[in-house]
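Okay, run.cif is below, mmCIF, C-alpha atoms:
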data_entry
#
loop_
_atom_site.label_atom_id
_atom_site.label_comp_id
_atom_site.auth_asym_id
_atom_site.auth_seq_id
_atom_site.Cartn_x
_atom_site.Cartn_y
_atom_site.Cartn_z
CA MET A 1 -26.96 -11.16 -24.65
CA LEU A 2 -27.88 -12.10 -21.07
CA LYS A 3 -24.33 -12.53 -19.81
CA VAL A 4 -20.87 -11.60 -21.03
CA ARG A 5 -19.03 -14.86 -21.67
CA PHE A 6 -15.30 -14.57 -21.02
CA GLY A 7 -12.24 -16.40 -22.25
CA ILE A 8 -8.97 -15.87 -20.41
CA ILE A 9 -5.77 -15.67 -22.45
CA GLY A 10 -2.76 -16.59 -20.33
CA CYS A 11 -3.27 -18.84 -17.31
CA GLY A 12 -0.56 -17.61 -14.95
CA MET A 13 -0.85 -16.01 -11.51
CA ILE A 14 -2.87 -12.93 -12.47
CA ALA A 15 -5.43 -15.04 -14.37
CA ASN A 16 -6.65 -16.32 -11.01
CA PHE A 17 -7.65 -12.78 -10.00
CA HIS A 18 -9.62 -12.37 -13.24
CA ALA A 19 -11.34 -15.72 -12.74
CA ALA A 20 -12.20 -14.82 -9.14
CA ALA A 21 -13.60 -11.46 -10.23
CA ILE A 22 -15.71 -12.93 -13.05
CA ALA A 23 -17.14 -15.49 -10.61
CA GLN A 24 -18.38 -12.63 -8.41
CA ILE A 25 -20.15 -10.74 -11.21
CA GLU A 26 -23.76 -11.76 -11.84
CA ASP A 27 -23.77 -10.82 -15.53
CA ALA A 28 -20.41 -12.45 -16.33
CA GLU A 29 -19.42 -16.05 -16.95
CA LEU A 30 -16.02 -17.66 -17.47
CA CYS A 31 -16.29 -20.15 -20.33
CA ALA A 32 -12.85 -20.78 -21.81
CA CYS A 33 -9.12 -20.25 -21.62
CA TYR A 34 -5.95 -20.50 -23.66
CA ASP A 35 -2.26 -20.60 -22.78
CA GLN A 36 0.67 -21.39 -25.08
CA TYR A 37 1.77 -23.81 -22.34
CA ALA A 38 -0.95 -26.41 -22.91
CA PRO A 39 -0.64 -28.24 -19.54
CA GLY A 40 -1.12 -24.93 -17.74
CA ALA A 41 -4.28 -24.19 -19.72
CA GLU A 42 -5.63 -27.67 -19.10
CA ALA A 43 -5.03 -27.42 -15.35
CA PHE A 44 -6.67 -23.96 -15.26
CA ALA A 45 -9.64 -25.27 -17.27
CA GLU A 46 -10.10 -28.23 -14.94
CA LYS A 47 -9.92 -25.97 -11.88
CA HIS A 48 -12.64 -23.66 -13.21
CA ASN A 49 -14.67 -26.24 -15.14
CA ILE A 50 -14.24 -24.47 -18.47
CA MET A 51 -12.95 -25.33 -21.94
CA ALA A 52 -9.25 -25.05 -22.83
CA PHE A 53 -8.55 -24.15 -26.47
CA ALA A 54 -5.50 -25.54 -28.24
CA THR A 55 -4.74 -22.30 -30.12
CA LEU A 56 -5.43 -18.62 -29.70
CA GLU A 57 -7.09 -18.52 -33.12
CA GLU A 58 -9.61 -21.17 -32.09
CA LEU A 59 -10.51 -19.26 -28.95
CA LEU A 60 -10.93 -15.94 -30.79
CA GLU A 61 -13.03 -17.55 -33.53
CA SER A 62 -15.28 -19.34 -31.04
CA ASP A 63 -18.92 -18.35 -30.60
CA LEU A 64 -18.66 -19.50 -26.98
CA ILE A 65 -17.16 -16.19 -25.84
CA ASP A 66 -17.97 -12.49 -26.19
CA ALA A 67 -14.92 -11.03 -24.43
CA VAL A 68 -11.38 -11.92 -23.43
CA SER A 69 -9.20 -11.13 -20.45
CA ILE A 70 -5.58 -10.84 -21.55
CA CYS A 71 -3.27 -12.02 -18.77
CA THR A 72 -0.15 -12.87 -20.73
CA PRO A 73 3.36 -11.34 -20.45
CA SER A 74 3.38 -7.62 -21.19
CA GLY A 75 4.94 -7.89 -24.65
CA MET A 76 1.95 -9.90 -25.85
CA HIS A 77 -0.73 -7.47 -24.66
CA ALA A 78 -0.94 -5.16 -27.67
CA PRO A 79 -0.84 -7.77 -30.48
CA GLN A 80 -3.32 -10.01 -28.69
CA THR A 81 -5.64 -7.09 -27.94
CA LEU A 82 -5.62 -6.06 -31.61
CA ARG A 83 -6.28 -9.64 -32.74
CA ALA A 84 -9.17 -9.96 -30.32
CA LEU A 85 -10.71 -6.69 -31.50
CA ASP A 86 -10.39 -7.78 -35.12
CA ALA A 87 -12.17 -11.02 -34.16
CA GLY A 88 -15.09 -9.01 -32.76
CA LYS A 89 -14.34 -9.60 -29.08
CA HIS A 90 -14.42 -7.06 -26.29
CA VAL A 91 -11.18 -6.89 -24.29
CA VAL A 92 -9.99 -6.58 -20.70
CA VAL A 93 -6.21 -6.22 -20.75
CA GLU A 94 -3.78 -6.30 -17.84
CA LYS A 95 -1.24 -3.54 -17.33
CA PRO A 96 0.59 -2.29 -19.27
CA MET A 97 -1.86 -2.07 -22.15
CA SER A 98 1.11 -1.97 -24.55
CA LEU A 99 4.84 -1.29 -24.52
CA SER A 100 4.75 1.70 -26.90
CA LEU A 101 2.57 4.73 -27.49
CA GLU A 102 2.19 3.68 -31.14
CA ASP A 103 0.60 0.39 -30.06
CA ALA A 104 -1.55 2.17 -27.48
CA ASP A 105 -2.85 4.52 -30.16
CA ALA A 106 -3.49 1.55 -32.46
CA ILE A 107 -5.60 -0.11 -29.76
CA ILE A 108 -7.56 3.10 -29.13
CA GLY A 109 -8.21 3.48 -32.87
CA ARG A 110 -9.13 -0.17 -33.40
CA SER A 111 -11.54 -0.10 -30.46
CA GLU A 112 -13.32 2.87 -32.01
CA GLN A 113 -13.36 1.28 -35.48
CA THR A 114 -14.71 -2.08 -34.32
CA LYS A 115 -17.04 -0.55 -31.69
CA ARG A 116 -15.68 -3.01 -29.15
CA LYS A 117 -14.91 -2.11 -25.54
CA VAL A 118 -11.37 -2.13 -24.18
CA CYS A 119 -10.80 -1.92 -20.42
CA GLY A 120 -7.29 -1.57 -19.01
CA ILE A 121 -6.56 -2.89 -15.54
CA SER A 122 -5.36 0.00 -13.37
CA GLN A 123 -7.51 -0.80 -10.38
CA TYR A 124 -5.76 1.24 -7.70
CA ARG A 125 -7.04 4.62 -8.86
CA LEU A 126 -10.54 3.43 -7.94
CA GLN A 127 -9.67 2.86 -4.28
CA GLU A 128 -11.73 4.93 -1.85
CA ALA A 129 -8.72 6.78 -0.43
CA VAL A 130 -7.56 7.79 -3.92
CA GLN A 131 -11.04 9.01 -4.83
CA VAL A 132 -11.26 11.07 -1.63
CA VAL A 133 -7.94 12.79 -2.42
CA LYS A 134 -9.01 13.35 -6.04
CA HIS A 135 -12.24 14.99 -4.87
CA ALA A 136 -10.28 17.27 -2.51
CA ILE A 137 -7.99 18.30 -5.39
CA ASP A 138 -10.94 19.01 -7.68
CA GLU A 139 -12.62 21.08 -4.94
CA GLY A 140 -9.48 23.21 -4.48
CA ALA A 141 -8.91 22.10 -0.89
CA PHE A 142 -5.10 22.12 -1.35
CA GLY A 143 -5.06 25.68 -2.64
CA ARG A 144 -2.26 25.87 -5.18
CA ILE A 145 -0.50 22.51 -5.37
CA VAL A 146 3.22 23.19 -5.31
CA SER A 147 4.89 19.85 -4.67
CA ALA A 148 4.14 16.14 -5.08
CA SER A 149 6.15 12.96 -4.69
CA LEU A 150 5.65 9.28 -5.47
CA ALA A 151 7.87 6.69 -3.75
CA MET A 152 7.68 3.01 -4.74
CA LYS A 153 10.48 1.28 -2.86
CA TYR A 154 9.65 -2.34 -3.62
CA TYR A 155 11.56 -5.59 -3.41
CA ARG A 156 11.74 -8.42 -5.92
CA SER A 157 14.40 -11.12 -5.52
CA GLN A 158 16.61 -12.47 -8.29
CA GLU A 159 14.58 -15.67 -7.98
CA TYR A 160 11.45 -13.72 -8.91
CA TYR A 161 13.04 -12.66 -12.19
CA ALA A 162 14.42 -16.14 -12.84
CA SER A 163 10.96 -17.69 -12.34
CA ALA A 164 9.89 -16.76 -15.89
CA GLY A 165 12.09 -16.09 -18.91
CA TRP A 166 10.18 -12.95 -19.93
CA ARG A 167 10.65 -11.11 -16.63
CA GLY A 168 13.22 -8.33 -16.66
CA THR A 169 13.51 -8.20 -20.46
CA TRP A 170 12.88 -5.22 -22.73
CA LYS A 171 11.07 -7.30 -25.35
CA MET A 172 8.48 -8.95 -23.11
CA ASP A 173 8.47 -6.91 -19.87
CA GLY A 174 8.97 -3.55 -21.57
CA GLY A 175 10.90 -2.22 -18.60
CA GLY A 176 11.52 -3.00 -14.95
CA ALA A 177 10.68 -1.28 -11.70
CA LEU A 178 8.52 1.30 -13.49
CA MET A 179 6.85 -0.59 -16.35
CA ASN A 180 6.04 -3.71 -14.35
CA GLN A 181 5.73 -2.90 -10.64
CA GLY A 182 5.54 0.89 -10.74
CA ILE A 183 2.93 1.43 -13.41
CA HIS A 184 0.06 1.26 -10.91
CA GLY A 185 1.57 3.97 -8.73
CA ILE A 186 2.38 6.14 -11.73
CA ASP A 187 -1.20 5.71 -12.94
CA VAL A 188 -2.56 6.93 -9.59
CA PHE A 189 -0.03 9.78 -9.43
CA ARG A 190 -0.82 10.95 -12.97
CA TYR A 191 -4.57 10.64 -12.27
CA LEU A 192 -4.30 12.86 -9.19
CA MET A 193 -1.78 15.41 -10.49
CA GLY A 194 -2.79 15.64 -14.12
CA PRO A 195 -0.58 15.75 -17.22
CA VAL A 196 3.19 16.09 -17.09
CA ARG A 197 4.85 18.92 -19.01
CA SER A 198 8.45 17.66 -18.82
CA LEU A 199 10.72 15.41 -16.80
CA THR A 200 14.37 14.59 -16.18
CA ALA A 201 15.31 11.06 -15.14
CA ILE A 202 18.02 8.60 -14.19
CA THR A 203 17.55 4.82 -14.36
CA LYS A 204 19.99 2.12 -13.25
CA THR A 205 20.29 -1.63 -12.89
CA GLN A 206 22.06 -1.87 -9.55
CA THR A 207 21.67 -5.33 -8.01
CA ARG A 208 19.61 -7.60 -10.28
CA ASN A 209 20.86 -9.59 -13.26
CA ILE A 210 18.24 -8.23 -15.67
CA GLU A 211 18.18 -6.16 -18.88
CA VAL A 212 15.89 -3.47 -17.48
CA GLU A 213 16.07 -1.00 -14.60
CA ASP A 214 15.73 -2.01 -10.97
CA SER A 215 15.95 1.65 -9.86
CA ALA A 216 14.69 4.94 -11.29
CA VAL A 217 14.24 8.57 -10.23
CA ALA A 218 12.58 11.41 -12.13
CA ILE A 219 12.10 15.12 -11.49
CA VAL A 220 8.70 16.09 -12.84
CA ASP A 221 7.24 19.42 -13.98
CA PHE A 222 3.44 19.12 -14.05
CA LYS A 223 1.21 21.15 -16.34
CA CYS A 224 -0.66 22.39 -13.26
CA GLY A 225 2.53 24.18 -12.21
CA ALA A 226 3.63 21.87 -9.42
CA ILE A 227 7.00 20.14 -9.36
CA GLY A 228 7.66 16.71 -7.96
CA THR A 229 9.55 13.44 -7.98
CA ILE A 230 8.97 9.82 -8.91
CA GLU A 231 11.08 7.07 -7.30
CA GLY A 232 10.79 3.42 -8.29
CA SER A 233 12.81 0.42 -7.22
CA THR A 234 12.60 -3.36 -6.92
CA THR A 235 15.78 -3.71 -4.91
CA CYS A 236 14.85 -2.04 -1.59
CA TYR A 237 14.69 -4.79 1.02
CA PRO A 238 12.22 -5.67 2.50
CA GLY A 239 9.97 -3.40 0.41
CA TYR A 240 7.79 -0.55 1.68
CA PRO A 241 4.22 0.48 0.81
CA ARG A 242 3.74 2.94 -2.05
CA ARG A 243 3.62 6.50 -0.73
CA ILE A 244 2.25 9.63 -2.40
CA GLU A 245 2.60 13.10 -0.85
CA ILE A 246 0.72 16.06 -2.32
CA CYS A 247 1.38 19.50 -0.84
CA GLY A 248 -0.39 22.78 -1.47
CA ASP A 249 -0.24 26.26 0.01
CA LYS A 250 -3.46 25.56 1.94
CA GLY A 251 -2.94 21.94 2.94
CA SER A 252 -1.30 18.60 2.29
CA VAL A 253 -2.07 14.87 2.25
CA VAL A 254 -0.02 11.68 2.52
CA LEU A 255 -1.46 8.60 0.82
CA GLU A 256 0.03 5.18 1.60
CA GLU A 257 -1.29 2.44 -0.72
CA ASP A 258 -5.03 2.26 0.02
CA ARG A 259 -4.99 4.42 3.18
CA ILE A 260 -4.71 8.13 3.96
CA LEU A 261 -1.82 8.46 6.41
CA ARG A 262 -2.00 12.25 6.92
CA TRP A 263 -4.84 14.66 6.13
CA ASP A 264 -3.81 18.27 6.72
CA LEU A 265 -6.66 20.00 4.93
CA SER A 266 -9.30 22.30 6.43
CA ALA A 267 -12.10 20.07 5.16
CA GLU A 268 -12.86 16.99 7.24
CA CYS A 269 -11.77 13.67 5.74
CA PRO A 270 -14.76 11.37 5.11
CA ILE A 271 -12.79 8.18 5.80
CA PRO A 272 -10.46 7.05 8.65
CA VAL A 273 -6.99 8.61 8.65
CA GLY A 274 -3.73 7.10 9.89
CA MET A 275 -4.61 3.43 9.54
CA ASN A 276 -2.09 0.88 8.29
CA ALA A 277 -2.18 0.22 4.56
CA GLU A 278 -3.68 -3.01 3.28
CA ASN A 279 -3.55 -4.66 -0.16
CA VAL A 280 0.24 -4.12 -0.25
CA ALA A 281 2.31 -5.86 -2.93
CA SER A 282 5.62 -4.11 -2.20
CA SER A 283 7.40 -7.41 -1.56
CA ASP A 284 4.87 -9.99 -2.79
CA PRO A 285 3.05 -9.54 -6.14
CA LYS A 286 0.30 -11.92 -4.99
CA ALA A 287 -0.53 -9.83 -1.92
CA ILE A 288 -3.38 -7.96 -3.57
CA SER A 289 -7.15 -8.12 -3.31
CA ALA A 290 -9.46 -9.04 -6.17
CA GLU A 291 -11.79 -6.15 -5.26
CA GLY A 292 -10.34 -3.79 -7.85
CA HIS A 293 -10.67 -6.43 -10.58
CA ILE A 294 -14.26 -7.11 -9.52
CA ARG A 295 -15.19 -3.45 -9.82
CA LEU A 296 -13.43 -2.92 -13.15
CA ILE A 297 -14.62 -6.12 -14.81
CA GLY A 298 -18.11 -5.55 -13.41
CA ASN A 299 -18.16 -2.10 -14.98
CA PHE A 300 -16.77 -3.55 -18.22
CA THR A 301 -19.54 -6.18 -18.25
CA SER A 302 -22.15 -3.46 -17.80
CA ALA A 303 -20.54 -1.45 -20.61
CA VAL A 304 -20.78 -4.43 -22.99
CA LEU A 305 -24.38 -5.23 -22.05
CA HIS A 306 -25.83 -1.75 -21.50
CA ASP A 307 -23.26 0.67 -22.98
CA THR A 308 -22.44 2.01 -19.49
CA PRO A 309 -19.42 4.37 -19.62
CA LEU A 310 -16.16 2.60 -18.85
CA LEU A 311 -14.37 3.65 -15.68
CA LEU A 312 -11.04 2.90 -17.37
CA ASP A 313 -10.96 2.77 -21.14
CA ALA A 314 -8.05 2.38 -23.56
CA LYS A 315 -7.20 6.09 -23.37
CA SER A 316 -6.80 5.74 -19.59
CA GLY A 317 -4.27 2.97 -20.16
CA ARG A 318 -2.15 5.28 -22.33
CA ALA A 319 -1.60 7.98 -19.69
CA PRO A 320 0.85 6.19 -17.33
CA LEU A 321 2.60 4.65 -20.32
CA GLU A 322 3.46 8.12 -21.63
CA VAL A 323 5.12 9.04 -18.33
CA ILE A 324 7.11 5.79 -18.04
CA LEU A 325 8.35 5.93 -21.63
CA GLY A 326 9.26 9.59 -21.09
CA ILE A 327 11.38 8.58 -18.10
CA TYR A 328 13.16 5.92 -20.16
CA LYS A 329 13.79 8.40 -22.96
CA SER A 330 15.16 11.03 -20.58
CA ALA A 331 17.47 8.50 -18.91
CA GLN A 332 18.74 7.31 -22.29
CA LEU A 333 19.32 10.81 -23.67
CA LYS A 334 20.58 12.17 -20.33
CA GLN A 335 18.44 15.28 -20.73
CA ALA A 336 15.00 16.65 -20.01
CA VAL A 337 12.19 15.57 -22.32
CA LEU A 338 8.85 17.18 -23.10
CA LEU A 339 5.74 15.01 -23.07
#
Show me this structure written as structure tokens.
Amino acid sequence: MLKVRFGIIGCGMIANFHAAAIAQIEDAELCACYDQYAPGAEAFAEKHNIMAFATLEELLESDLIDAVSICTPSGMHAPQTLRALDAGKHVVVEKPMSLSLEDADAIIGRSEQTKRKVCGISQYRLQEAVQVVKHAIDEGAFGRIVSASLAMKYYRSQEYYASAGWRGTWKMDGGGALMNQGIHGIDVFRYLMGPVRSLTAITKTQTRNIEVEDSAVAIVDFKCGAIGTIEGSTTCYPGYPRRIEICGDKGSVVLEEDRILRWDLSAECPIPVGMNAENVASSDPKAISAEGHIRLIGNFTSAVLHDTPLLLDAKSGRAPLEVILGIYKSAQLKQAVLL
């Protein structure tokens, strides 16, 4: 295999980021697509000069592709990932990898059984600022971490939810402010702070006509001993950048999206501090860069061709899902839950 030949499943907005990333990777090639809305697939195929398949089965059975990028609504991710693995294809799957831990575990097991790679898209943890903070934590620069908070005060209009029938539904979106918009921030937070021991949460639907939450708050007890909070909303106008604060008895840091806003550690920060955040999707889901997709899909391509370790494998995709589902369970039961 000289190149990894990709087929994209689902030709909506996020598929354009996958296509742009694949075009930038020397060892990758976009060859095909499928969408249950045939005119959308045909337009996408014409735009990228690729083949549009009439059915998902035909795409998965085709010898034209080695891997698929799954860019469909969230409720389709797990079943389509499993079908692709059973068809012998490697898989890149958008967030969330699944809507349940049972499906996440099934994907992890099937990937191991079929010896096919699965890469989940959680690109923000790979940003330079996040990696710098992670290194400082691993080096003990914070001393004992005692407190941490994640604030995701985003804005999505009612028109955003009305633009597609699956948005804001339990069956196809799997949740609201946390499962859709907030999963990236929760992934970064969990990556930096480590596993959660227990949490207590409240979720509400305050202003949007949707099934799922537009607001959520959780009090979190981390296994490292720190306590903290998670806030998520899609009804905070006009929407503010994601903010993470991590505080220890020897120093603290404030991370805003892809920038370090405050660096109060004794060690010198290797990147600029206090700059305005970029790549911010707090009020516009399209206001993101393709850089994270390029790095992840490039690494995935190398893993398929050369067995390079995946930066984000299926197990990585399970971690934020466990936290989000724990928050939903706590809110439903109105009590603390152990993870």
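Candidate residues A:Leu192, A:Val118, A:Leu321, A:Leu339 were compared for distance to Asp138 of chain A, and the nearest is A:Leu192, using only C-alpha atoms.
Atom CA of Ser233 of chain A is found 5.5 Å from atom CA of Tyr154 of chain A.
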| task | Name the residues within 10 Å of (-2.1, -13.8, -11.8), counting all atoms listed in the file in the file's coordinates, and put them as a PyMOL selection string. | result | chain A and resi 10-19+71-72+94+285-286
| query | Near Gly75 of chain A, counting only C-alpha atoms, which residues have an atom at most 10 Å away, once you skip same-chain residues fewer than 4 positions from it, shown as a VMD selection string? | reply | chain A and resid 79 to 80 96 to 100 166 169 to 174
| task | Report the distance between atom CA of Leu178 of chain A and atom CA of Ala216 of chain A in Å, rounded to one decimal place. | result |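 We find that atom CA of Leu178 of chain A and atom CA of Ala216 of chain A lie 7.5 Å from each other.
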Enclosing box along x, y and z for every listed atom of segment 239-252 of chain A, padded 5 Å each side, centre and size in Å, one decimal, as AutoDock Vina command-line options:
--center_x 3.3 --center_y 11.4 --center_z 0.3 --size_x 23.4 --size_y 39.7 --size_z 15.3
| task | Show which residues sit within 12 Å of segment 104-113 of chain A, as a ChimeraX atom specification. Count all atoms listed in the file, and ignore same-chain residues fewer than 3 positions away. | result | /A:77-93,95-101,116-120,313-322
| Which residue of A:Leu311, A:Ala336, A:Ile210, A:Leu305 approaches Gly292 of chain A most closely, using all atoms listed in the file |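 So, comparing all the options, the nearest one is A:Leu311.
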| task | Name the residues that the PyMOL selection byres ((chain A and resi 237) around 10) picks from the file above, as a list in words, using the file's chain letters and numbers. | result |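 Applying the PyMOL selection byres ((chain A and resi 237) around 10) to the structure shown produces Lys153, Tyr154, Tyr155, Arg156, Ser157, Ser233, Thr234, Thr235, Cys236, Pro238, Gly239, Tyr240, Ser282 and Ser283 of chain A.
The interatomic distance for the pair atom CA of Glu58 of chain A and atom CA of Ile22 of chain A works out to 21.6 Å.
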| task | Give the answer as one residue: which of A:Gly143, A:Gly194, A:Gly251, A:Gly185 has the shortest atom-to-atom distance to Val280 of chain A, using all atoms listed in the file? | result |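 Between A:Gly143, A:Gly194, A:Gly251, A:Gly185, the residue approaching Val280 of chain A most closely is A:Gly185.
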| said: For the provided coordinates, the residues matched by the PyMOL selection byres ((chain A and resi 124) around 8) should be stated as number ranges by chain. | reply: A: 122-123, 125-127, 130, 184-185, 188, 258, 292
| request: Neighbourhood query: residues within 8 Å of (-7.6, -15.9, -21.6), file coordinates, counting only C-alpha atoms; return as a list of chain:residue names. | output: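 Every residue inside that radius is included here: A:Phe6, A:Gly7, A:Ile8, A:Ile9, A:Gly10, A:Cys11, A:Ala15, A:Ala32, A:Cys33, A:Tyr34, A:Asp35, A:Val68, A:Ser69, A:Ile70, A:Cys71.
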| task | Just the residues within 10 Å of Glu26 of chain A, please, counting all atoms listed in the file, with nothing from its chain fewer than 3 positions along; format it as a list in words. | result |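 Contacts, with the query itself left out: Lys3, Val4, Ile22, Ala23, Glu29, Gly298 and Thr301 of chain A.
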| remark: Restricting to all atoms listed in the file, whichever of A:Ala136, A:Ala54, A:Leu310, A:Ile65 is closest to Pro270 of chain A is A:Ala136
| task | Would you translate the PyMOL selection byres ((chain A and resi 200) around 8) into the concrete set of residues it matches in this file, as number ranges by chain? | result | A: 198-199, 201-202, 218-220, 327, 330-331, 334-337
| message | Can you pull out the residues contacting Gly274 of chain A? Cut-off 7 Å, using only C-alpha atoms, and skip same-chain residues under 5 positions away; I want them as a count of residues only. | response | 3
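Using all atoms listed in the file, the contacts of Cys224 of chain A at a cut-off of 12 Å, with sequence neighbours closer than 4 positions omitted, comprise Ile137, Gly143, Arg144, Ile145, Val146, Ser147, Ala148, Arg190, Leu192, Met193, Gly194, Pro195, Val196, Arg197, Ser198, Val220, Gly228 and Gly248 of chain A.
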Would you fill the gaps in segment 304-328 of chain A so it has N, CA and C atoms, then print it as a compact mmCIF listing (two decimals), in the frame of the given file?
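Listed below is the output, selection24.txt:
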# COMPACT_ATOMS: atom_id res chain seq x y z
N VAL A 304 -20.49 -3.56 -21.85
CA VAL A 304 -20.78 -4.43 -22.99
C VAL A 304 -22.29 -4.65 -23.13
N LEU A 305 -22.96 -4.90 -22.01
CA LEU A 305 -24.38 -5.23 -22.05
C LEU A 305 -25.28 -4.02 -22.22
N HIS A 306 -24.91 -2.90 -21.57
CA HIS A 306 -25.83 -1.75 -21.50
C HIS A 306 -25.19 -0.45 -21.97
N ASP A 307 -23.98 -0.51 -22.51
CA ASP A 307 -23.26 0.67 -22.98
C ASP A 307 -23.00 1.67 -21.85
N THR A 308 -22.84 1.17 -20.63
CA THR A 308 -22.44 2.01 -19.49
C THR A 308 -21.04 2.57 -19.75
N PRO A 309 -20.77 3.82 -19.40
CA PRO A 309 -19.42 4.37 -19.62
C PRO A 309 -18.37 3.56 -18.85
N LEU A 310 -17.25 3.33 -19.49
CA LEU A 310 -16.16 2.60 -18.85
C LEU A 310 -15.45 3.49 -17.83
N LEU A 311 -15.15 2.93 -16.67
CA LEU A 311 -14.37 3.65 -15.68
C LEU A 311 -12.93 3.85 -16.16
N LEU A 312 -12.40 2.83 -16.83
CA LEU A 312 -11.04 2.90 -17.37
C LEU A 312 -11.05 2.34 -18.79
N ASP A 313 -10.97 3.22 -19.75
CA ASP A 313 -10.96 2.77 -21.14
C ASP A 313 -9.53 2.74 -21.67
N ALA A 314 -9.38 2.50 -22.96
CA ALA A 314 -8.05 2.38 -23.56
C ALA A 314 -7.25 3.68 -23.42
N LYS A 315 -7.92 4.82 -23.51
CA LYS A 315 -7.20 6.09 -23.37
C LYS A 315 -6.62 6.24 -21.96
N SER A 316 -7.32 5.71 -20.96
CA SER A 316 -6.80 5.74 -19.59
C SER A 316 -5.53 4.93 -19.47
N GLY A 317 -5.46 3.82 -20.21
CA GLY A 317 -4.27 2.97 -20.16
C GLY A 317 -3.05 3.61 -20.80
N ARG A 318 -3.27 4.59 -21.66
CA ARG A 318 -2.15 5.28 -22.33
C ARG A 318 -1.43 6.25 -21.42
N ALA A 319 -2.15 6.87 -20.48
CA ALA A 319 -1.60 7.98 -19.69
C ALA A 319 -0.36 7.59 -18.88
N PRO A 320 -0.38 6.52 -18.07
CA PRO A 320 0.85 6.19 -17.33
C PRO A 320 1.97 5.71 -18.24
N LEU A 321 1.60 5.11 -19.36
CA LEU A 321 2.60 4.65 -20.32
C LEU A 321 3.41 5.81 -20.86
N GLU A 322 2.75 6.95 -21.12
CA GLU A 322 3.46 8.12 -21.63
C GLU A 322 4.51 8.61 -20.64
N VAL A 323 4.17 8.59 -19.35
CA VAL A 323 5.12 9.04 -18.33
C VAL A 323 6.30 8.08 -18.23
N ILE A 324 6.03 6.78 -18.18
CA ILE A 324 7.11 5.79 -18.04
C ILE A 324 8.06 5.84 -19.25
N LEU A 325 7.50 5.87 -20.44
CA LEU A 325 8.35 5.93 -21.63
C LEU A 325 9.12 7.24 -21.70
N GLY A 326 8.54 8.32 -21.17
CA GLY A 326 9.26 9.59 -21.09
C GLY A 326 10.45 9.49 -20.15
N ILE A 327 10.28 8.78 -19.04
CA ILE A 327 11.38 8.58 -18.10
C ILE A 327 12.49 7.78 -18.76
N TYR A 328 12.14 6.72 -19.47
CA TYR A 328 13.16 5.92 -20.16
C TYR A 328 13.90 6.74 -21.21
